[in-house]
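Listing of target10.cif; format and content: mmCIF, C-alpha atoms.
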```cif
data_input
loop_
_atom_site.label_atom_id
_atom_site.label_comp_id
_atom_site.auth_asym_id
_atom_site.auth_seq_id
_atom_site.Cartn_x
_atom_site.Cartn_y
_atom_site.Cartn_z
CA GLN A 1 -50.27 12.16 -1.88
CA LYS A 2 -47.78 12.99 -4.57
CA GLU A 3 -49.44 15.38 -6.98
CA VAL A 4 -48.36 17.24 -10.06
CA GLU A 5 -50.66 20.10 -10.97
CA GLN A 6 -50.97 21.92 -14.25
CA ASN A 7 -53.44 24.45 -15.58
CA SER A 8 -55.42 22.49 -18.15
CA GLY A 9 -55.80 25.52 -20.41
CA PRO A 10 -56.36 25.96 -23.19
CA LEU A 11 -53.56 28.46 -23.42
CA SER A 12 -53.67 30.47 -26.61
CA VAL A 13 -50.80 32.61 -27.87
CA PRO A 14 -50.15 34.33 -31.21
CA GLU A 15 -47.43 33.07 -33.49
CA GLY A 16 -44.04 34.46 -32.50
CA ALA A 17 -45.01 35.09 -28.87
CA ILE A 18 -43.62 33.43 -25.77
CA ALA A 19 -45.73 30.63 -24.33
CA SER A 20 -45.35 30.05 -20.61
CA LEU A 21 -46.43 26.72 -19.15
CA ASN A 22 -46.44 26.12 -15.42
CA CYS A 23 -46.43 23.13 -13.12
CA THR A 24 -46.35 22.63 -9.37
CA TYR A 25 -45.56 19.47 -7.44
CA SER A 26 -46.41 18.46 -3.92
CA ASP A 27 -43.55 16.23 -2.79
CA ARG A 28 -40.28 17.93 -1.88
CA GLY A 29 -38.53 14.63 -2.45
CA SER A 30 -38.93 15.02 -6.20
CA GLN A 31 -35.60 14.77 -7.93
CA SER A 32 -36.14 14.99 -11.67
CA PHE A 33 -38.57 16.95 -13.79
CA PHE A 34 -39.62 16.42 -17.36
CA TRP A 35 -41.67 18.19 -20.00
CA TYR A 36 -43.32 16.05 -22.64
CA ARG A 37 -45.22 17.21 -25.69
CA GLN A 38 -48.20 15.22 -26.90
CA TYR A 39 -49.94 15.89 -30.18
CA SER A 40 -53.56 14.85 -30.42
CA GLY A 41 -53.84 11.09 -30.80
CA LYS A 42 -50.09 10.59 -30.48
CA SER A 43 -47.76 9.41 -27.76
CA PRO A 44 -45.84 11.79 -25.48
CA GLU A 45 -42.33 12.77 -26.54
CA LEU A 46 -39.69 14.35 -24.35
CA ILE A 47 -39.01 18.07 -24.78
CA MET A 48 -36.72 18.73 -21.85
CA PHE A 49 -35.65 17.48 -18.46
CA ILE A 50 -34.20 19.41 -15.54
CA TYR A 51 -32.66 18.24 -12.29
CA SER A 52 -31.15 21.37 -10.73
CA ASN A 53 -32.54 24.72 -9.65
CA GLY A 54 -32.35 27.43 -12.27
CA ASP A 55 -32.82 27.58 -16.00
CA LYS A 56 -31.97 25.12 -18.73
CA GLU A 57 -32.16 26.19 -22.35
CA ASP A 58 -32.45 24.09 -25.48
CA GLY A 59 -33.16 26.01 -28.65
CA ARG A 60 -36.50 27.79 -28.33
CA PHE A 61 -37.30 25.97 -25.09
CA THR A 62 -36.29 26.95 -21.55
CA ALA A 63 -37.14 24.91 -18.49
CA GLN A 64 -37.06 26.59 -15.12
CA LEU A 65 -36.97 24.84 -11.76
CA ASN A 66 -37.49 26.34 -8.33
CA LYS A 67 -37.36 23.59 -5.71
CA ALA A 68 -38.05 25.98 -2.82
CA SER A 69 -41.35 26.95 -4.43
CA GLN A 70 -41.91 23.46 -5.87
CA TYR A 71 -42.45 24.99 -9.26
CA VAL A 72 -41.41 24.01 -12.76
CA SER A 73 -42.06 25.97 -15.92
CA LEU A 74 -41.48 25.69 -19.64
CA LEU A 75 -41.04 28.73 -21.84
CA ILE A 76 -41.41 28.42 -25.58
CA ARG A 77 -39.97 31.38 -27.46
CA ASP A 78 -41.04 32.36 -30.97
CA SER A 79 -44.04 30.03 -30.72
CA GLN A 80 -45.03 28.32 -33.95
CA PRO A 81 -48.35 26.75 -34.96
CA SER A 82 -46.52 23.41 -34.91
CA ASP A 83 -46.04 23.88 -31.15
CA SER A 84 -49.80 23.49 -30.68
CA ALA A 85 -50.11 20.39 -28.51
CA THR A 86 -50.69 19.28 -24.95
CA TYR A 87 -47.67 19.68 -22.68
CA LEU A 88 -47.26 17.21 -19.84
CA CYS A 89 -45.19 17.97 -16.78
CA ALA A 90 -43.74 15.02 -14.90
CA ALA A 91 -41.93 14.73 -11.58
CA ALA A 92 -39.87 11.70 -10.59
CA TYR A 93 -39.71 10.85 -6.90
CA ASN A 94 -37.26 8.00 -7.20
CA ASN A 95 -36.09 5.60 -9.84
CA ASN A 96 -39.47 3.91 -10.01
CA ASP A 97 -42.04 6.59 -9.57
CA MET A 98 -42.78 9.21 -12.19
CA ARG A 99 -45.96 11.27 -11.75
CA PHE A 100 -47.57 13.19 -14.58
CA GLY A 101 -49.76 16.24 -14.53
CA ALA A 102 -52.98 16.27 -16.53
CA GLY A 103 -51.37 18.47 -19.17
CA THR A 104 -51.84 21.98 -20.55
CA ARG A 105 -53.27 22.37 -24.03
CA LEU A 106 -51.44 25.04 -26.01
CA THR A 107 -52.76 26.62 -29.18
CA VAL A 108 -50.52 28.89 -31.25
CA LYS A 109 -52.55 31.00 -33.62
CA PRO A 110 -51.04 32.09 -36.97
CA GLU B 1 -34.79 2.35 -35.29
CA ALA B 2 -35.17 2.63 -31.51
CA GLN B 3 -38.79 2.15 -30.63
CA VAL B 4 -41.48 0.85 -28.33
CA THR B 5 -44.12 -1.14 -30.17
CA GLN B 6 -47.60 -1.76 -28.86
CA ASN B 7 -50.29 -3.96 -30.38
CA PRO B 8 -53.08 -3.64 -31.13
CA ARG B 9 -53.51 0.10 -31.74
CA TYR B 10 -57.27 -0.09 -31.44
CA LEU B 11 -59.42 -2.68 -29.71
CA ILE B 12 -63.12 -2.98 -29.03
CA THR B 13 -64.10 -5.83 -26.77
CA VAL B 14 -66.94 -7.00 -24.57
CA THR B 15 -67.10 -7.06 -20.81
CA GLY B 16 -65.39 -10.07 -19.33
CA LYS B 17 -63.47 -11.24 -22.37
CA LYS B 18 -59.79 -11.60 -21.48
CA LEU B 19 -57.38 -9.61 -23.58
CA THR B 20 -53.66 -8.90 -23.81
CA VAL B 21 -51.96 -5.78 -25.09
CA THR B 22 -48.40 -6.45 -26.12
CA CYS B 23 -45.44 -4.13 -25.68
CA SER B 24 -41.94 -4.64 -26.99
CA GLN B 25 -38.86 -2.39 -26.93
CA ASN B 26 -35.59 -2.76 -28.84
CA MET B 27 -33.42 -0.42 -26.75
CA ASN B 28 -32.33 -2.94 -24.11
CA HIS B 29 -34.05 -0.84 -21.44
CA GLU B 30 -34.37 -2.35 -17.99
CA TYR B 31 -37.36 -0.28 -16.91
CA MET B 32 -40.78 -0.62 -18.50
CA SER B 33 -44.19 0.64 -17.42
CA TRP B 34 -47.82 0.86 -18.41
CA TYR B 35 -49.97 3.97 -18.18
CA ARG B 36 -53.56 4.77 -18.88
CA GLN B 37 -54.61 8.22 -20.04
CA ASP B 38 -58.07 9.56 -19.41
CA PRO B 39 -59.40 13.07 -20.13
CA GLY B 40 -58.58 15.47 -17.30
CA LEU B 41 -56.59 12.86 -15.39
CA GLY B 42 -53.35 12.73 -17.30
CA LEU B 43 -51.16 9.65 -17.37
CA ARG B 44 -51.60 7.27 -14.46
CA GLN B 45 -49.19 4.43 -13.91
CA ILE B 46 -50.70 0.95 -13.83
CA TYR B 47 -47.67 -1.31 -13.34
CA TYR B 48 -43.96 -1.03 -13.79
CA SER B 49 -41.04 -3.41 -14.07
CA MET B 50 -37.46 -2.72 -13.08
CA ASN B 51 -36.11 -5.81 -14.80
CA VAL B 52 -36.93 -9.37 -15.85
CA GLU B 53 -39.24 -11.05 -13.34
CA VAL B 54 -39.44 -7.85 -11.25
CA THR B 55 -42.80 -6.06 -11.40
CA ASP B 56 -44.70 -3.79 -9.04
CA LYS B 57 -47.98 -1.92 -8.81
CA GLY B 58 -48.39 1.67 -9.84
CA ASP B 59 -51.24 3.97 -8.90
CA VAL B 60 -54.13 2.14 -10.59
CA PRO B 61 -53.32 -1.61 -10.77
CA GLU B 62 -56.80 -3.00 -10.05
CA GLY B 63 -58.10 -5.17 -12.87
CA TYR B 64 -54.73 -5.51 -14.61
CA LYS B 65 -51.88 -8.00 -14.65
CA VAL B 66 -48.43 -7.86 -16.18
CA SER B 67 -45.50 -10.16 -16.70
CA ARG B 68 -41.85 -9.64 -17.59
CA LYS B 69 -40.36 -12.90 -18.75
CA GLU B 70 -38.03 -11.28 -21.26
CA LYS B 71 -36.30 -7.93 -21.08
CA ARG B 72 -37.85 -6.61 -24.27
CA ASN B 73 -41.49 -7.58 -23.66
CA PHE B 74 -43.97 -6.32 -21.09
CA PRO B 75 -47.55 -7.39 -21.88
CA LEU B 76 -50.58 -5.93 -20.14
CA ILE B 77 -53.34 -8.41 -19.36
CA LEU B 78 -56.95 -7.64 -18.59
CA GLU B 79 -58.42 -10.86 -17.22
CA SER B 80 -62.02 -9.63 -17.12
CA PRO B 81 -62.30 -6.19 -18.74
CA SER B 82 -64.99 -3.80 -17.59
CA PRO B 83 -66.30 -0.58 -19.18
CA ASN B 84 -64.35 1.57 -16.69
CA GLN B 85 -61.17 0.24 -18.29
CA THR B 86 -62.05 1.99 -21.52
CA SER B 87 -59.06 4.25 -21.98
CA LEU B 88 -55.95 5.09 -23.96
CA TYR B 89 -53.03 2.92 -22.85
CA PHE B 90 -49.34 3.63 -23.25
CA CYS B 91 -46.37 1.42 -22.68
CA ALA B 92 -43.08 3.15 -21.92
CA SER B 93 -39.48 2.12 -21.40
CA SER B 94 -36.37 3.82 -20.09
CA PHE B 95 -32.88 2.96 -18.87
CA THR B 96 -33.44 3.66 -15.20
CA GLY B 97 -37.03 4.64 -14.52
CA GLY B 98 -37.53 8.07 -13.05
CA ARG B 99 -34.12 9.57 -13.79
CA THR B 100 -34.07 9.21 -17.54
CA GLU B 101 -36.25 9.84 -20.55
CA ALA B 102 -39.21 7.56 -21.05
CA PHE B 103 -39.90 6.37 -24.59
CA PHE B 104 -43.55 5.73 -25.27
CA GLY B 105 -45.29 3.32 -27.55
CA GLN B 106 -47.89 4.50 -30.06
CA GLY B 107 -50.78 3.87 -27.68
CA THR B 108 -53.67 1.42 -27.62
CA ARG B 109 -57.18 2.78 -27.59
CA LEU B 110 -59.32 0.24 -25.78
CA THR B 111 -63.10 0.31 -25.66
CA VAL B 112 -64.94 -2.16 -23.44
CA VAL B 113 -68.68 -2.44 -24.12
#
```

Can I see the file as structure tokens?
Amino acid sequence: QKEVEQNSGPLSVPEGAIASLNCTYSDRGSQSFFWYRQYSGKSPELIMFIYSNGDKEDGRFTAQLNKASQYVSLLIRDSQPSDSATYLCAAAYNNNDMRFGAGTRLTVKP
Amino acid sequence: EAQVTQNPRYLITVTGKKLTVTCSQNMNHEYMSWYRQDPGLGLRQIYYSMNVEVTDKGDVPEGYKVSRKEKRNFPLILESPSPNQTSLYFCASSFTGGRTEAFFGQGTRLTVV
């Protein structure tokens, strides 16, 4: 069974802090990993994707991938109240099969 | 503007009454898919399509049908809706499925009574 696991939260951080979101996946055949942000009542939108081991930075966001540990994380630096949302981790096993985690709800308190 | 458009946004229907949720994308994407989102379960794939006339089942296909007669359109059909199909539905499209970003429609909140 190909599973993507996330802590459902809620995760609460103060404004300006670093938010750390974690995700594990079960199938070592996973090739691509995505983080989507979903505001309440809205559709998911892509934050970052990562294919290779290591870190990938984009502005305040850093995705980290460790294939040996089957672990993906998203760090949000200088968290803002506007970052409050549910963050979905997704793992793609081939060109046709993308599995999503249940999401972690993040609240950034002013 | 590049977008995925779903209709309707909200729908309340009765058990057994056939319905169709439409999905259209203007990005010339080959890959399209349907998901349902339920509390605590995340997004689960219902059906996907790699190209015109090519469709396949996802994780939760029971009770649903799809068709892909044109590249831009991928309707979701519920022949005989039941209350357990009450959910939030998203259509998504991408260039190549799992390797590239998926663009999501606005969502359709379906209630079956």

May I have the residues of chain B within 8 Å of chain A, counting only C-alpha atoms, written as an MDAnalysis selection string? chainID B and resid 40:45 48 50 90 96:99 101:107

Assuming the chain letters and numbering stay as they are in my file, what does the PyMOL selection byres ((chain B and resi 3) around 7) actually select? List them as a PyMOL selection string. chain B and resi 1-2+4-5+25-26

Any chance you could work out the residue set of the PyMOL selection byres ((chain B and resi 59-75) around 9) here, as a VMD selection string? chain B and resid 6 20 to 36 44 to 49 51 to 55 57 to 58 76 to 82 85 91

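One finds CA of Asn84 in chain B at 13.0 Å from CA of Pro39 in chain B.
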
List the spatial neighbours of Leu11 in chain A as a PyMOL selection string - criterion: any atom at most 10 Å away, all atoms listed in the file, same-chain residues fewer than 3 positions off excluded. chain A and resi 7-8+19-21+84+86+104-108

Determine the residue set returned by the PyMOL selection byres ((chain A and resi 62) around 9) for the present structure, and present it as a ChimeraX atom specification. /A:48,55-61,63-64,73-77

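The two atoms in question, CA of Ile18 in chain A and CA of Lys109 in chain A, are spaced 12.1 Å apart.
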
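Taking CA of Tyr89 in chain B and CA of Glu5 in chain A as endpoints, the distance between them is 21.0 Å.
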
Residues around (-68.9, -10.1, -22.5), cut-off 12 Å, counting only C-alpha atoms - what are they as an MDAnalysis selection string? chainID B and resid 12:19 79:83 112:113

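Minimum atom-to-atom distance to Tyr25 in chain A, evaluated using all atoms listed in the file, belongs to A:Asn66 out of A:Asn53, A:Asn66, A:Ser40, A:Ser12.
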